[in-house]
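Visitor: Have a look at this one before I ask anything.
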Amino acid sequence: MSIRPCAERGSASGGMEAQPRWNAWTTRGLMWIVIAVCLLLAGVRERSGAQSTDEEYRVKAAFIFHFAQLVDWPPDARTGAANSLFLCTIGEDPFQGALESTVEGKAVGDRILRVRHLKQADDAQACQVLFLGKAQGKRIPMLLANLHNAPILTVGESPGFLGAGGMICFVLEDNNVRFGINLDAAASAKLKIGSRLLILAQTVIGESREK
């Protein structure tokens, strides 16, 4: 299976590997996150080596939950219900219910994750996390541009998603779900991606804003 990555590591477009700082880490915290991700990655392996689409999206849903835990939004991003964090998709839902069964109702800090499936892109301004699937295709650059650096964590799965201004992009490598991060896009929207998430990323483009 040939899958193109969302962005090339150390590409000529100006991307560079982030060097996250480790001084905030504890050994226990590092072990927890590594074990959790290893379990997630193991979940997409099939006996024959073929990828199960249903299992792939269950793993992606679990990853998105961890993204929400490891990203900080600015205070003015608290739109809608004060105690809710809205995870949205646009158009056809590729998760086929996996988001609801995996993340709906779970706590992220003092907020509760709620899933919304939008028909109109204009409604995305009320979301804190927005997943743009492969079905959006050529519309993705326009959809990202229309967000106007809104404090919305954009997650995708299409080649070129990071280069178009998306923040986190899934990629399949050896039948495992991995992801890349665009730090510049996140910083433009005033989102802070934690060092724990940067360590786990396959690819990081842009410069680290961490002090």
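Ordering of the structure tokens sets the chain letters (A, B, ...); residue numbers start at 1 within each chain; ligands are numbered from 1 in the order shown.
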May I have all residues of stretch 26-205 of chain A that DSSP, computed from the backbone, assigns to strand (DSSP E or B), given as an MDAnalysis selection string?

Guide: chainID A and resid 71:72 84:90 107:108 111:118 129:132 153:156 168:173 176:182 192:193 203:205

Visitor: Any chance you could list, as a ChimeraX atom specification, the residues in stretch 37-180 of chain A that come up alpha helix (DSSP H) when DSSP is run on the backbone?

Guide: /A:37-42,53-69,98-102,140-145

Visitor: I need the residues from that last selection saved to file as a short mmCIF file (atom, residue, chain, number, x, y, z; two decimals), in the first residue's frame (with N, CA, C and O atoms), if you can.

Guide:
```
data_model
loop_
_atom_site.label_atom_id
_atom_site.label_comp_id
_atom_site.auth_asym_id
_atom_site.auth_seq_id
_atom_site.Cartn_x
_atom_site.Cartn_y
_atom_site.Cartn_z
N VAL A 37 0.03 5.20 23.05
CA VAL A 37 0.14 5.28 21.60
C VAL A 37 0.51 3.94 20.99
O VAL A 37 0.04 3.57 19.93
N CYS A 38 1.36 3.17 21.69
CA CYS A 38 1.69 1.84 21.18
C CYS A 38 0.44 0.97 21.07
O CYS A 38 0.28 0.22 20.11
N LEU A 39 -0.44 1.07 22.06
CA LEU A 39 -1.69 0.32 22.00
C LEU A 39 -2.56 0.77 20.83
O LEU A 39 -3.18 -0.03 20.14
N LEU A 40 -2.58 2.09 20.59
CA LEU A 40 -3.36 2.61 19.47
C LEU A 40 -2.81 2.12 18.14
O LEU A 40 -3.54 1.71 17.25
N LEU A 41 -1.48 2.18 18.01
CA LEU A 41 -0.87 1.76 16.75
C LEU A 41 -1.09 0.27 16.51
O LEU A 41 -1.31 -0.16 15.39
N ALA A 42 -1.03 -0.50 17.58
CA ALA A 42 -1.23 -1.94 17.43
C ALA A 42 -2.64 -2.27 16.96
O ALA A 42 -2.87 -3.28 16.31
N THR A 53 -10.74 -0.41 7.42
CA THR A 53 -11.17 0.98 7.45
C THR A 53 -11.87 1.32 8.75
O THR A 53 -11.62 2.37 9.34
N ASP A 54 -12.74 0.43 9.23
CA ASP A 54 -13.43 0.70 10.49
C ASP A 54 -12.45 0.85 11.63
O ASP A 54 -12.56 1.77 12.45
N GLU A 55 -11.48 -0.04 11.71
CA GLU A 55 -10.49 0.02 12.77
C GLU A 55 -9.62 1.26 12.64
O GLU A 55 -9.27 1.92 13.62
N GLU A 56 -9.29 1.62 11.39
CA GLU A 56 -8.49 2.83 11.15
C GLU A 56 -9.16 4.06 11.75
O GLU A 56 -8.52 4.88 12.43
N TYR A 57 -10.46 4.19 11.53
CA TYR A 57 -11.15 5.39 12.02
C TYR A 57 -11.41 5.34 13.51
O TYR A 57 -11.50 6.39 14.16
N ARG A 58 -11.50 4.15 14.09
CA ARG A 58 -11.57 4.07 15.54
C ARG A 58 -10.27 4.55 16.17
O ARG A 58 -10.27 5.26 17.18
N VAL A 59 -9.15 4.18 15.54
CA VAL A 59 -7.84 4.63 16.04
C VAL A 59 -7.70 6.14 15.86
O VAL A 59 -7.23 6.85 16.76
N LYS A 60 -8.13 6.66 14.71
CA LYS A 60 -8.06 8.10 14.48
C LYS A 60 -8.92 8.86 15.48
O LYS A 60 -8.53 9.93 15.97
N ALA A 61 -10.08 8.31 15.81
CA ALA A 61 -10.95 8.95 16.80
C ALA A 61 -10.25 9.01 18.15
O ALA A 61 -10.31 10.03 18.86
N ALA A 62 -9.56 7.93 18.54
CA ALA A 62 -8.84 7.92 19.81
C ALA A 62 -7.70 8.94 19.80
O ALA A 62 -7.45 9.62 20.80
N PHE A 63 -7.01 9.04 18.66
CA PHE A 63 -5.94 10.03 18.55
C PHE A 63 -6.50 11.45 18.71
O PHE A 63 -5.91 12.29 19.39
N ILE A 64 -7.63 11.73 18.08
CA ILE A 64 -8.21 13.07 18.16
C ILE A 64 -8.54 13.43 19.61
O ILE A 64 -8.36 14.57 20.04
N PHE A 65 -9.00 12.44 20.38
CA PHE A 65 -9.25 12.69 21.80
C PHE A 65 -7.96 13.12 22.50
O PHE A 65 -7.94 14.08 23.28
N HIS A 66 -6.85 12.44 22.20
CA HIS A 66 -5.57 12.81 22.81
C HIS A 66 -5.08 14.17 22.30
O HIS A 66 -4.47 14.94 23.06
N PHE A 67 -5.35 14.48 21.03
CA PHE A 67 -5.00 15.82 20.54
C PHE A 67 -5.69 16.89 21.39
O PHE A 67 -5.07 17.88 21.78
N ALA A 68 -6.98 16.69 21.64
CA ALA A 68 -7.73 17.67 22.41
C ALA A 68 -7.17 17.82 23.82
O ALA A 68 -7.20 18.90 24.40
N GLN A 69 -6.65 16.74 24.38
CA GLN A 69 -6.07 16.79 25.71
C GLN A 69 -4.74 17.55 25.74
O GLN A 69 -4.36 18.11 26.78
N ALA A 98 -17.85 6.18 14.97
CA ALA A 98 -16.71 5.92 15.85
C ALA A 98 -16.39 7.11 16.75
O ALA A 98 -15.90 6.93 17.87
N LEU A 99 -16.65 8.33 16.27
CA LEU A 99 -16.41 9.49 17.13
C LEU A 99 -17.34 9.47 18.33
O LEU A 99 -16.92 9.71 19.47
N GLU A 100 -18.61 9.20 18.09
CA GLU A 100 -19.56 9.16 19.19
C GLU A 100 -19.20 8.08 20.20
O GLU A 100 -19.21 8.32 21.42
N SER A 101 -18.86 6.90 19.73
CA SER A 101 -18.58 5.79 20.64
C SER A 101 -17.24 5.95 21.35
O SER A 101 -17.04 5.38 22.43
N THR A 102 -16.32 6.74 20.76
CA THR A 102 -14.98 6.86 21.33
C THR A 102 -14.79 8.10 22.18
O THR A 102 -14.16 8.05 23.24
N ILE A 140 -10.44 21.57 0.46
CA ILE A 140 -9.72 21.77 1.72
C ILE A 140 -8.99 23.10 1.79
O ILE A 140 -9.10 23.81 2.79
N PRO A 141 -8.20 23.51 0.77
CA PRO A 141 -7.53 24.82 0.87
C PRO A 141 -8.51 25.97 1.09
O PRO A 141 -8.25 26.87 1.89
N MET A 142 -9.67 25.93 0.41
CA MET A 142 -10.66 26.98 0.57
C MET A 142 -11.27 26.93 1.98
O MET A 142 -11.44 27.97 2.63
N LEU A 143 -11.58 25.73 2.47
CA LEU A 143 -12.17 25.60 3.80
C LEU A 143 -11.22 26.12 4.87
O LEU A 143 -11.64 26.82 5.81
N LEU A 144 -9.94 25.78 4.74
CA LEU A 144 -8.96 26.25 5.72
C LEU A 144 -8.79 27.76 5.65
O LEU A 144 -8.69 28.44 6.67
N ALA A 145 -8.74 28.29 4.43
CA ALA A 145 -8.57 29.74 4.27
C ALA A 145 -9.76 30.50 4.86
O ALA A 145 -9.60 31.58 5.43
#
```

Visitor: How far is it from atom CA of A:Gln128 to atom CA of A:Asp93, in Å with one decimal?

Guide: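 Atom-to-atom, atom CA of A:Gln128 to atom CA of A:Asp93, that is 17.4 Å.
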